[in-house]
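Here the structure is laid out as structure tokens; the discussion comes afterwards.
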There are 2 protein chains.
Amino acid sequence: MMFSTKAEYGIRVMAHLAKQADGANGDAPATQPISLGSIADAEGLPLAYLEHLVRRLRKAELVESRRGAHGGYTLARPATDITMAEVVAALEGDIAPIECITADSDGVLTCSREGSEPCPTKLLWTRVQGSIVRTLNEMTLDDLVQPLRKATLA
Amino acid sequence: MMFSTKAEYGIRVMAHLAKQADGANGDAPATQPISLGSIADAEGLPLAYLEHLVRRLRKAELVESRRGAHGGYTLARPATDITMAEVVAALEGDIAPIECITADSDGVLTCSREGSEPCPTKLLWTRVQGSIVRTLNEMTLDDLVQPLRKATLA
DNA sequence: CCTTCTCCGACCGCATAGGTAGGATTTGAG
DNA sequence: CTCAAATCCTACCTATGCGGTCGGAGAAGG
């Protein structure tokens with residue numbers, strides 16, 4: 001049971017972008033765009049692979065791009081306004097802990113095996129999914145990039 | 001992001017066993033052993049595959065087996081005493097949301113990329129993993145098999 | 001026009017999931 | 001004693017997705 005590195009790499013890209021935009025107030029996203037190449041360099045990740053990931057982020061409208069020389073990416077919204085749930089969902093797809101459970105937009109879970117008897121496991125997956133989504137929603141990109149906080153662990 | 005059907009199938013087997021042992025008080029596990037074949041039949045799952053899963057459950061000492069004719073499986077402990085965290089861990093392996101985070105027995109999380117700078121994502125994975133494990137620990141097999149409860153959702 | 005980028009599709013090797021097959025072994029029942 | 005029902009174990013197969021690479025087509029600045 002895991003998230004894949006897609007989520008990790010993608011989040012690192014987002015975090016990198018957030019850190020750079022953090023010049024003044026941490027609210028203004030529209031600084032100079034940052035090239036994926038420089039991010040790949042800094043984070044030690046393969047550029048070609050990041051391109052795939054960042055495409056998902058763009059389709060989810062979490063980043064904006066400028067093409068051509070001196071192009072690159074910027075956050076589409078301030079980091080304080082981007083929840084990790086959005087980011088993870090964009091990268092990994094739906095946050096459904098198991099096949100038979102699907103989250104129809106938004107939030108409501110249904111079990112495809114409904115009918116006869118709902119599989120007894122549904123209650124479990126529902127709760128697990130709920131707790132994941134909840135913690136993912138409670139955390140913004142800004143929380144990630146500011147490790148110098150009140151550190152509300154656990 | 002998902003649990004695999006390994007978890008689902010395995011849990012359904014456990015739930016099936018728990019339901020049968022539920023004759024009197026719900027605490028006595030040692031009734032007649034139930035054959036995997038009958039479970040596979042009842043749940044509509046491939047027997048040969050369940051054998052693999054139930055092996056994991058046995059190695060984790062969650063079920064006990066009796067071989068030979070009229071053999072089968074029984075819960076090793078009362079259902080009220082088996083947490084879903086144990087079951088899922090037995091079936092899926094460690095509950096670590098991402099590669100770089102490993103849970104050294106027990107509970108303490110460490111990031112293999114520690115050193116230079118801990119990856120900014122660690123805080124996130126730590127929380128997510130915590131919330132998964134917590135909800136998995138709070139739920140027993142008995143909770144699953146008794147859908148007629150006070151239904152403490154969310 | 002040339003370089004620097006974003007974009008896009010195709011491809012590849014590998015690991016794992018999901019499932020099958022076949023047999024060895026144990027045990028109760030006739 | 002023998003047969004059938006069951007667990008046990010090892011090996012294998014196939015499909016899918018992940019992590020990653022490649023080549024090239026567009027866009028924008030100098």
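Within each chain, counting starts at residue 1; across the structure tokens, chains are named A, B, ... in the order shown, with ligands numbered 1 upward in that order.
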Hey, could you make a per-residue contact list for chain C against chain B with 8 Å as the cut-off, showing the nearest pair of atoms and its distance in Å to one decimal, counting only C-alpha atoms (C1' of nucleotides), sorted by chain and number, as a tab-separated table?
```
residue	atom	partner	partner_atom	distance
C:DA17	C1'	B:Ser4	CA	7.8
C:DG18	C1'	B:Tyr49	CA	7.9
C:DG19	C1'	B:Tyr49	CA	6.3
C:DT20	C1'	B:Ala48	CA	7.5
C:DT26	C1'	B:Gly68	CA	5.0
C:DT27	C1'	B:Gly68	CA	3.9
C:DG28	C1'	B:Ala69	CA	5.3
```
request  = Might you pull out every residue within 12 Å of DA10 (chain C), with only C-alpha atoms (C1' of nucleotides) counted and same-chain residues fewer than 6 positions away left off, and present them as a PyMOL selection string?
outcome  = chain D and resi 21-24
Writer output for current selection, N, CA and C atoms (P, O5', C5', C4', C3', O3' and C1' of nucleotides), as a tab-separated table (two decimals), in the first residue's frame:
```tsv
chain	number	residue	atom	x	y	z
D	21	DT	P	15.87	8.51	-17.47
D	21	DT	O5'	15.49	8.13	-18.98
D	21	DT	C5'	15.79	6.83	-19.47
D	21	DT	C4'	15.52	6.77	-20.96
D	21	DT	C3'	16.13	7.92	-21.75
D	21	DT	O3'	16.91	7.38	-22.80
D	21	DT	C1'	13.82	7.65	-22.29
D	22	DC	P	17.86	8.32	-23.73
D	22	DC	O5'	16.90	8.63	-24.95
D	22	DC	C5'	16.15	7.54	-25.50
D	22	DC	C4'	15.34	8.01	-26.70
D	22	DC	C3'	15.91	9.22	-27.43
D	22	DC	O3'	16.09	8.87	-28.79
D	22	DC	C1'	13.59	9.52	-26.94
D	23	DG	P	16.93	9.85	-29.77
D	23	DG	O5'	15.74	10.49	-30.62
D	23	DG	C5'	14.67	9.64	-31.06
D	23	DG	C4'	13.61	10.47	-31.72
D	23	DG	C3'	14.14	11.72	-32.42
D	23	DG	O3'	13.51	11.86	-33.68
D	23	DG	C1'	12.50	12.33	-30.82
D	24	DG	P	14.00	12.94	-34.73
D	24	DG	O5'	12.77	13.95	-34.71
D	24	DG	C5'	11.46	13.43	-34.83
D	24	DG	C4'	10.49	14.37	-34.20
D	24	DG	C3'	10.52	15.80	-34.77
D	24	DG	O3'	9.28	16.10	-35.33
D	24	DG	C1'	10.32	15.79	-32.42
```
request  = Find the residues of chain A in contact range of chain B, meaning any atom within 10 Å when counting only C-alpha atoms, and list them as a ChimeraX atom specification.
outcome  = /A:1-5,7-9,11-12,15-16,43,84,88-89,91-100,119-136,139-141,143-147,151,153-154
query = Which residues of chain D are close to chain B, meaning at most 12 Å apart when you count only C-alpha atoms (C1' of nucleotides), and how do they look as a VMD selection string?
reply = chain D and resid 3 to 10 17
ask   = Using only C-alpha atoms, which of the listed residues (A:Ala90, A:Leu45, A:Val13, A:Val63) sits closest to Arg77 (chain A)?
value =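 When distances to Arg77 (chain A) are compared using only C-alpha atoms, the smallest one comes from A:Val63.
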